[in-house]
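So the structure is just underneath, and the comments pick up after that.
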Amino acid sequence: MDSVFVASSETAVPLIPVSRESLADRLESAPASWGKWVEASGFEAEPGATLRVPNAEGGLGGVLAGFDAETPIWMLAGAAESLGAGDYRLETEFLDPEIQNLAAIGWGLGRYRFDRYREASARVPRLVWPEGADQARVLAFVESIGMSRDLINTPASDMMPANLALKARELAEEFGCSLHVVSDSDKLEQDFPCIHAVGAASQHGSRVIELTWGPPDAPSLVLVGKGVCFDSGGLNLKPGNSMRQMKKDMGGAAIVLGLGRLIMAQNLPLRLTVLVGAVENAIGAGAFRPGDVVTARNGKRIEIDNTDAEGRLVLADLLDRAGAFHPDLLVDFATLTGAARVAVGTEISACLTQD
């Protein structure tokens, strides 16, 4: 990720953030030719839009980057996606350090590419580190979110329960965490019976991953993630077009691992526990069936109506385990239902809370 940032550059092109409200004011202090170019181009500083402005010699004199003043984190994301290779320097005259941090994070997120299976481009647009940016904080955000994105984008052939457990082990080694992984089938059936039932048909053994970090006397935060590495729907088989993207059904696990990494990288004063139930909802002789009754970890019995509603089973066992930590805050992340997208659209996430 360091490749999308650079310490300094004598050839860096000015990158000037403008909103609809500030465009006219910014043009007043710019050469007169800039205003004419903006008018001729019809540029109105729409969020995410960019305009390359030539200099008197015909080269690139600067880039105007449109953004919404209420969401400064996306100030440079559109520019990061659309600009060609080269070095760019954010004009920070009117930006306080926190805005510079957010802008740099947005740049890093906009430059995200999933290149595990193809050769990455050697030449990419790079941002000169803004003077007021906290580089360690920016990289913590960009790298942690990038890790979550990589996990979700990786196909199931390379992202099964054992792979998720391996990623948790890498985090444990990097940040000095305590890690406990339950992989024995008999132990899973005894202690996490719902998770065991969901993954029983898969040739890839299920895992319950428990990662702990931070001083025991700090406020307790427990993050719970649904890690269905691939969801065929089980015996209630999904149609093909609904199954195509089901590698992403471990998105909850990817988020809690990434968020956990971000918390640890910033050394926040928390007692962090990350719980992941990693399974594959497959079809086979051991598959659970509609009409089966499963006894959950807390002793409650659950009748299976549809095997494609497996996420709530995974979370049921994990949430019961989470209660043992008596957390000050408990947050679970899942990809439970497409109805959430119908309800709130694609720009925000559905959230249910008692607070």
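Convention: chains lettered A, B, ... in structure tokens order; per-chain residue numbering from 1; ligands numbered from 1 as shown.
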Contacts of segment 218-228 of chain A within 6 Å, only C-alpha atoms, excl. fewer than 4 positions in-chain, as a list in words: Asp249, Met250, Gly252, Ala253, Val256, Leu270, Arg271, Leu272, Thr273, Val274, Leu275, Val276, Gly277, Ala278, Val279, Glu280, Pro327, Asp328, Leu329, Leu330, Val331, Asp332, Phe333 and Ala334 of chain A
Would you write out those residues with C-alpha atoms, as a PDB file, in the first residue's frame?
ATOM      1  CA  ASP A 249     -21.013 -14.831   2.623  1.00  0.00           C
ATOM      2  CA  MET A 250     -18.004 -14.696   4.942  1.00  0.00           C
ATOM      3  CA  GLY A 252     -18.987 -10.645   8.463  1.00  0.00           C
ATOM      4  CA  ALA A 253     -15.853 -12.568   9.396  1.00  0.00           C
ATOM      5  CA  VAL A 256     -14.428  -8.304  12.245  1.00  0.00           C
ATOM      6  CA  LEU A 270      -9.841  -1.903  24.774  1.00  0.00           C
ATOM      7  CA  ARG A 271     -10.112  -5.532  25.749  1.00  0.00           C
ATOM      8  CA  LEU A 272     -10.881  -6.912  22.305  1.00  0.00           C
ATOM      9  CA  THR A 273     -12.380 -10.294  21.540  1.00  0.00           C
ATOM     10  CA  VAL A 274     -13.036 -11.392  17.961  1.00  0.00           C
ATOM     11  CA  LEU A 275     -15.259 -14.440  17.411  1.00  0.00           C
ATOM     12  CA  VAL A 276     -15.675 -16.050  13.989  1.00  0.00           C
ATOM     13  CA  GLY A 277     -17.714 -19.066  12.993  1.00  0.00           C
ATOM     14  CA  ALA A 278     -16.121 -20.356   9.769  1.00  0.00           C
ATOM     15  CA  VAL A 279     -18.085 -22.949   7.814  1.00  0.00           C
ATOM     16  CA  GLU A 280     -19.143 -24.024   4.329  1.00  0.00           C
ATOM     17  CA  PRO A 327     -18.890  -7.164  27.087  1.00  0.00           C
ATOM     18  CA  ASP A 328     -19.466  -3.444  27.427  1.00  0.00           C
ATOM     19  CA  LEU A 329     -20.254  -3.470  23.717  1.00  0.00           C
ATOM     20  CA  LEU A 330     -21.129  -6.410  21.483  1.00  0.00           C
ATOM     21  CA  VAL A 331     -21.406  -6.018  17.712  1.00  0.00           C
ATOM     22  CA  ASP A 332     -22.088  -8.809  15.244  1.00  0.00           C
ATOM     23  CA  PHE A 333     -21.624  -8.590  11.488  1.00  0.00           C
ATOM     24  CA  ALA A 334     -23.379 -10.790   8.972  1.00  0.00           C
TER      25      ALA A 334
END
Residues within 12 Å of Pro130 of chain A, please, as a PyMOL selection string. Count only C-alpha atoms; anything in the same chain fewer than 2 positions from it doesn't count. chain A and resi 5-9+14-15+88-93+95-105+107+126-128+132-135+138
Picked from segment 30-142 of chain A by DSSP as helix (DSSP H, G or I), as an NGL selection string: :A and (32-41 or 72-74 or 77-82 or 97-110 or 135-142)
As a list in words, please: the residues near segment 30-35 of chain A (cut-off 12 Å, only C-alpha atoms, same-chain neighbours under 4 positions excluded).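 Near neighbours after the sequence-gap exclusion: Pro14, Ile16, Leu23, Ala24, Asp25, Arg26, Glu39, Ala40, Ser41, Gly42, Phe43, Glu44, Leu51, Arg52, Val53, Pro54, Asn55, Ala56, Gly58, Leu60, Gly61, Gly62, Val63 and Leu64 of chain A.
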Written file, previous selection with C-alpha atoms, as a PDB file, in the first residue's frame:
ATOM      1  CA  PRO A  14      -1.452  20.029  -7.585  1.00  0.00           C
ATOM      2  CA  ILE A  16      -7.255  20.830  -5.560  1.00  0.00           C
ATOM      3  CA  LEU A  23     -15.642  26.121  -6.704  1.00  0.00           C
ATOM      4  CA  ALA A  24     -16.188  29.788  -7.563  1.00  0.00           C
ATOM      5  CA  ASP A  25     -14.052  31.002  -4.649  1.00  0.00           C
ATOM      6  CA  ARG A  26     -11.189  28.673  -5.519  1.00  0.00           C
ATOM      7  CA  GLU A  39     -16.723  26.710 -17.985  1.00  0.00           C
ATOM      8  CA  ALA A  40     -15.887  25.115 -21.321  1.00  0.00           C
ATOM      9  CA  SER A  41     -15.707  21.671 -19.724  1.00  0.00           C
ATOM     10  CA  GLY A  42     -18.987  22.018 -17.830  1.00  0.00           C
ATOM     11  CA  PHE A  43     -17.276  20.963 -14.610  1.00  0.00           C
ATOM     12  CA  GLU A  44     -19.541  21.582 -11.591  1.00  0.00           C
ATOM     13  CA  LEU A  51     -11.013  17.877 -14.200  1.00  0.00           C
ATOM     14  CA  ARG A  52      -7.478  18.035 -15.553  1.00  0.00           C
ATOM     15  CA  VAL A  53      -6.527  21.674 -16.153  1.00  0.00           C
ATOM     16  CA  PRO A  54      -3.695  22.458 -18.595  1.00  0.00           C
ATOM     17  CA  ASN A  55      -0.934  24.948 -17.906  1.00  0.00           C
ATOM     18  CA  ALA A  56       0.340  27.604 -20.290  1.00  0.00           C
ATOM     19  CA  GLY A  58       0.094  22.606 -22.607  1.00  0.00           C
ATOM     20  CA  LEU A  60      -0.963  19.342 -16.764  1.00  0.00           C
ATOM     21  CA  GLY A  61      -1.215  22.359 -14.481  1.00  0.00           C
ATOM     22  CA  GLY A  62      -3.469  20.861 -11.842  1.00  0.00           C
ATOM     23  CA  VAL A  63      -6.456  18.650 -11.133  1.00  0.00           C
ATOM     24  CA  LEU A  64      -9.749  19.797  -9.651  1.00  0.00           C
TER      25      LEU A  64
END
Among the residues of segment 76-245 of chain A, find those DSSP assigns to strand (DSSP E or B) from the backbone and print them as a PyMOL selection string. chain A and resi 86-90+125-128+178-182+207-213+220-231
With only C-alpha atoms as the atoms that count, which of A:Leu319, A:Ala45, A:Leu262, A:Ser121 lies nearest to Leu27 of chain A?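 Ranked by minimum distance to Leu27 of chain A, first place goes to A:Ala45.
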Give me the segment 284-354 of chain A side of the contact with segment 190-195 of chain A, cut-off 12 Å, one line per residue showing its nearest atom pair and distance in Å at one decimal, counting only C-alpha atoms, sorted by chain and residue number, as CSV.
residue,atom,partner,partner_atom,distance
A:Phe288,CA,A:Cys194,CA,10.0
A:Asp292,CA,A:Cys194,CA,11.5
A:Val293,CA,A:Cys194,CA,10.1
A:Val294,CA,A:Cys194,CA,6.6
A:Thr295,CA,A:Pro193,CA,6.7
A:Ala296,CA,A:Cys194,CA,5.5
A:Arg297,CA,A:Phe192,CA,5.6
A:Asn298,CA,A:Phe192,CA,9.3
A:Gly299,CA,A:Pro193,CA,9.8
A:Lys300,CA,A:Cys194,CA,10.6
A:Arg301,CA,A:Cys194,CA,9.9
A:Ile302,CA,A:Cys194,CA,9.0
A:Glu303,CA,A:Cys194,CA,11.1
A:Ile304,CA,A:Cys194,CA,10.6
A:Thr307,CA,A:Cys194,CA,11.7
A:Ala309,CA,A:Cys194,CA,11.9
A:Glu310,CA,A:Ile195,CA,8.8
A:Gly311,CA,A:Ile195,CA,9.2
A:Arg312,CA,A:Cys194,CA,9.2
A:Leu313,CA,A:Cys194,CA,5.5
A:Val314,CA,A:Ile195,CA,5.0
A:Leu315,CA,A:Ile195,CA,8.3
A:Ala316,CA,A:Cys194,CA,7.5
A:Asp317,CA,A:Phe192,CA,5.7
A:Leu318,CA,A:Phe192,CA,7.9
A:Leu319,CA,A:Phe192,CA,10.8
A:Asp320,CA,A:Phe192,CA,9.6
A:Arg321,CA,A:Phe192,CA,9.0
Could you save the residues just selected, with C-alpha atoms, as an mmCIF file, in the first residue's frame?
data_model
loop_
_atom_site.group_PDB
_atom_site.id
_atom_site.type_symbol
_atom_site.label_atom_id
_atom_site.label_comp_id
_atom_site.auth_asym_id
_atom_site.auth_seq_id
_atom_site.Cartn_x
_atom_site.Cartn_y
_atom_site.Cartn_z
ATOM 1 C CA PHE A 288 -28.696 -30.863 7.813
ATOM 2 C CA ASP A 292 -34.379 -31.193 11.575
ATOM 3 C CA VAL A 293 -34.235 -29.916 15.156
ATOM 4 C CA VAL A 294 -30.858 -28.637 16.348
ATOM 5 C CA THR A 295 -30.012 -27.924 19.972
ATOM 6 C CA ALA A 296 -28.020 -24.703 20.178
ATOM 7 C CA ARG A 297 -25.118 -23.977 22.505
ATOM 8 C CA ASN A 298 -27.433 -22.388 25.089
ATOM 9 C CA GLY A 299 -29.721 -25.450 25.137
ATOM 10 C CA LYS A 300 -32.543 -23.969 23.086
ATOM 11 C CA ARG A 301 -33.936 -26.111 20.294
ATOM 12 C CA ILE A 302 -34.221 -24.759 16.772
ATOM 13 C CA GLU A 303 -36.362 -26.304 14.056
ATOM 14 C CA ILE A 304 -34.797 -25.974 10.621
ATOM 15 C CA THR A 307 -31.176 -24.684 5.212
ATOM 16 C CA ALA A 309 -31.060 -19.550 6.600
ATOM 17 C CA GLU A 310 -27.813 -20.837 8.062
ATOM 18 C CA GLY A 311 -26.255 -17.526 9.084
ATOM 19 C CA ARG A 312 -28.472 -17.072 12.128
ATOM 20 C CA LEU A 313 -27.489 -20.555 13.303
ATOM 21 C CA VAL A 314 -23.806 -19.684 13.119
ATOM 22 C CA LEU A 315 -24.410 -16.438 14.992
ATOM 23 C CA ALA A 316 -26.595 -18.097 17.630
ATOM 24 C CA ASP A 317 -23.722 -20.198 18.991
ATOM 25 C CA LEU A 318 -21.231 -17.326 18.710
ATOM 26 C CA LEU A 319 -23.478 -14.834 20.495
ATOM 27 C CA ASP A 320 -23.997 -17.260 23.349
ATOM 28 C CA ARG A 321 -20.213 -17.591 23.643
#
What's the 7 Å shell around Tyr112 of chain A, counting only C-alpha atoms, without same-chain residues fewer than 3 positions away, as a ChimeraX atom specification? /A:108-109,146
Grab the residues selected above and save them as a PDB file, in the first residue's frame with N, CA and C atoms.
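Wrote out02.pdb, looks like this:
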ATOM      1  N   GLY A 108      -6.303   6.124  -0.433  1.00  0.00           N
ATOM      2  CA  GLY A 108      -5.864   4.732  -0.338  1.00  0.00           C
ATOM      3  C   GLY A 108      -6.974   3.753  -0.671  1.00  0.00           C
ATOM      4  N   LEU A 109      -8.196   4.041  -0.213  1.00  0.00           N
ATOM      5  CA  LEU A 109      -9.324   3.150  -0.513  1.00  0.00           C
ATOM      6  C   LEU A 109      -9.680   3.210  -1.992  1.00  0.00           C
ATOM      7  N   GLY A 146      -8.394  -2.822   3.411  1.00  0.00           N
ATOM      8  CA  GLY A 146      -7.915  -3.591   2.260  1.00  0.00           C
ATOM      9  C   GLY A 146      -7.844  -5.075   2.563  1.00  0.00           C
TER      10      GLY A 146
END
With only C-alpha atoms as the counted atoms, please give the residues lying no more than 10 Å from segment 161-177 of chain A, apart from itself and same-chain residues fewer than 4 positions off, as number ranges by chain. A: 147, 151, 156-157, 181-183, 199, 204-214, 227-230, 250, 253-254, 257-258, 260-261, 264-265, 267, 272-274, 276-280
Take the residues from that selection and put them in a file with N, CA and C atoms, as a CSV table (one decimal), in the first residue's frame.
chain,number,residue,atom,x,y,z
A,147,MET,N,-7.4,-5.4,3.8
A,147,MET,CA,-7.4,-6.8,4.2
A,147,MET,C,-8.8,-7.4,4.1
A,151,LEU,N,-10.1,-10.5,1.7
A,151,LEU,CA,-10.7,-11.8,2.1
A,151,LEU,C,-12.0,-12.0,1.4
A,156,ALA,N,-13.8,-19.0,-3.0
A,156,ALA,CA,-13.9,-20.0,-2.0
A,156,ALA,C,-12.8,-21.1,-2.2
A,157,SER,N,-12.3,-21.3,-3.4
A,157,SER,CA,-11.2,-22.3,-3.6
A,157,SER,C,-10.0,-22.0,-2.8
A,181,VAL,N,-8.5,-21.8,18.4
A,181,VAL,CA,-9.2,-22.2,17.3
A,181,VAL,C,-9.8,-23.6,17.6
A,182,VAL,N,-11.1,-23.8,17.5
A,182,VAL,CA,-11.7,-25.1,17.7
A,182,VAL,C,-12.0,-25.7,16.3
A,183,SER,N,-11.3,-26.8,16.0
A,183,SER,CA,-11.5,-27.5,14.7
A,183,SER,C,-11.9,-28.9,14.8
A,199,GLY,N,-22.0,-26.9,8.9
A,199,GLY,CA,-20.8,-27.3,8.2
A,199,GLY,C,-20.6,-28.8,8.0
A,204,HIS,N,-14.5,-29.4,4.0
A,204,HIS,CA,-13.6,-28.5,4.7
A,204,HIS,C,-14.1,-28.3,6.1
A,205,GLY,N,-13.4,-28.8,7.0
A,205,GLY,CA,-13.8,-28.7,8.4
A,205,GLY,C,-14.1,-27.3,8.9
A,206,SER,N,-15.2,-27.2,9.7
A,206,SER,CA,-15.5,-25.9,10.3
A,206,SER,C,-14.5,-25.5,11.4
A,207,ARG,N,-14.5,-24.2,11.6
A,207,ARG,CA,-13.6,-23.6,12.7
A,207,ARG,C,-14.4,-22.6,13.5
A,208,VAL,N,-14.1,-22.6,14.8
A,208,VAL,CA,-14.5,-21.4,15.6
A,208,VAL,C,-13.3,-20.8,16.0
A,209,ILE,N,-13.2,-19.5,15.7
A,209,ILE,CA,-11.9,-18.7,15.9
A,209,ILE,C,-12.2,-17.7,17.0
A,210,GLU,N,-11.3,-17.7,18.0
A,210,GLU,CA,-11.4,-16.8,19.1
A,210,GLU,C,-10.1,-16.1,19.3
A,211,LEU,N,-10.1,-14.8,19.1
A,211,LEU,CA,-8.9,-14.0,19.2
A,211,LEU,C,-9.1,-12.9,20.3
A,212,THR,N,-8.1,-12.8,21.2
A,212,THR,CA,-8.2,-11.9,22.3
A,212,THR,C,-7.0,-11.0,22.4
A,213,TRP,N,-7.2,-9.7,22.7
A,213,TRP,CA,-6.1,-8.8,22.7
A,213,TRP,C,-6.5,-7.7,23.7
A,214,GLY,N,-5.5,-7.1,24.3
A,214,GLY,CA,-5.7,-5.9,25.2
A,214,GLY,C,-5.7,-6.2,26.7
A,227,GLY,N,-18.9,-16.3,9.2
A,227,GLY,CA,-17.9,-16.7,8.2
A,227,GLY,C,-18.3,-17.9,7.4
A,228,VAL,N,-19.4,-17.8,6.6
A,228,VAL,CA,-19.8,-18.8,5.7
A,228,VAL,C,-19.0,-18.7,4.4
A,229,CYS,N,-18.0,-19.5,4.3
A,229,CYS,CA,-17.0,-19.3,3.2
A,229,CYS,C,-17.6,-19.5,1.9
A,230,PHE,N,-18.6,-20.4,1.8
A,230,PHE,CA,-19.4,-20.5,0.6
A,230,PHE,C,-20.8,-21.0,1.0
A,250,MET,N,-18.9,-14.8,3.8
A,250,MET,CA,-18.0,-14.7,4.9
A,250,MET,C,-17.6,-13.2,5.2
A,253,ALA,N,-17.1,-12.2,8.8
A,253,ALA,CA,-15.9,-12.6,9.4
A,253,ALA,C,-14.7,-11.7,8.9
A,254,ALA,N,-14.8,-11.3,7.6
A,254,ALA,CA,-13.8,-10.5,7.1
A,254,ALA,C,-13.8,-9.1,7.7
A,257,LEU,N,-12.4,-9.3,11.4
A,257,LEU,CA,-10.9,-9.4,11.4
A,257,LEU,C,-10.2,-8.1,11.0
A,258,GLY,N,-10.8,-7.4,10.0
A,258,GLY,CA,-10.2,-6.2,9.6
A,258,GLY,C,-10.4,-5.1,10.7
A,260,GLY,N,-10.8,-5.6,13.9
A,260,GLY,CA,-9.9,-6.0,14.9
A,260,GLY,C,-8.5,-5.6,14.7
A,261,ARG,N,-8.0,-5.8,13.4
A,261,ARG,CA,-6.7,-5.3,13.0
A,261,ARG,C,-6.6,-3.8,13.2
A,264,MET,N,-6.2,-2.9,16.9
A,264,MET,CA,-4.9,-3.2,17.4
A,264,MET,C,-3.8,-2.4,16.8
A,265,ALA,N,-3.9,-2.0,15.6
A,265,ALA,CA,-2.9,-1.2,14.9
A,265,ALA,C,-2.8,0.2,15.5
A,267,ASN,N,-3.7,0.7,18.7
A,267,ASN,CA,-3.4,0.5,20.1
A,267,ASN,C,-4.5,1.1,21.0
A,272,LEU,N,-10.2,-6.5,23.6
A,272,LEU,CA,-10.9,-6.9,22.3
A,272,LEU,C,-11.0,-8.4,22.2
A,273,THR,N,-12.2,-8.9,21.9
A,273,THR,CA,-12.4,-10.3,21.5
A,273,THR,C,-13.0,-10.4,20.2
A,274,VAL,N,-12.5,-11.2,19.3
A,274,VAL,CA,-13.0,-11.4,18.0
A,274,VAL,C,-13.5,-12.9,17.9
A,276,VAL,N,-15.3,-15.7,15.4
A,276,VAL,CA,-15.7,-16.1,14.0
A,276,VAL,C,-16.1,-17.5,13.9
A,277,GLY,N,-17.3,-17.7,13.3
A,277,GLY,CA,-17.7,-19.1,13.0
A,277,GLY,C,-17.5,-19.3,11.5
A,278,ALA,N,-16.5,-20.1,11.2
A,278,ALA,CA,-16.1,-20.4,9.8
A,278,ALA,C,-16.6,-21.7,9.3
A,279,VAL,N,-17.5,-21.7,8.3
A,279,VAL,CA,-18.1,-22.9,7.8
A,279,VAL,C,-18.3,-22.9,6.3
A,280,GLU,N,-18.6,-24.0,5.7
A,280,GLU,CA,-19.1,-24.0,4.3
A,280,GLU,C,-20.5,-24.7,4.4
Residue nearest Val198 of chain A - candidates A:Ser148, A:Asn306, A:Thr335, A:Ser242, atoms counted: only C-alpha atoms: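 Nearest candidate to Val198 of chain A out of A:Ser148, A:Asn306, A:Thr335, A:Ser242: A:Asn306.
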Could you please determine the separation between atom CA of Ser19 of chain A and atom CA of Asp68 of chain A in Å, to one decimal place?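 Rounded to one decimal, the two atoms are 5.9 Å apart.
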Using only C-alpha atoms, which of A:Leu336, A:Met159, A:Ile152, A:Leu268 sits nearest Gln245 of chain A?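 For Gln245 of chain A, the nearest of the candidates is A:Ile152.
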When you draw a straight line from atom CA of Gly106 of chain A to atom CA of Ser3 of chain A, how long is it in Å?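 Between atom CA of Gly106 of chain A and atom CA of Ser3 of chain A the gap works out to 15.0 Å.
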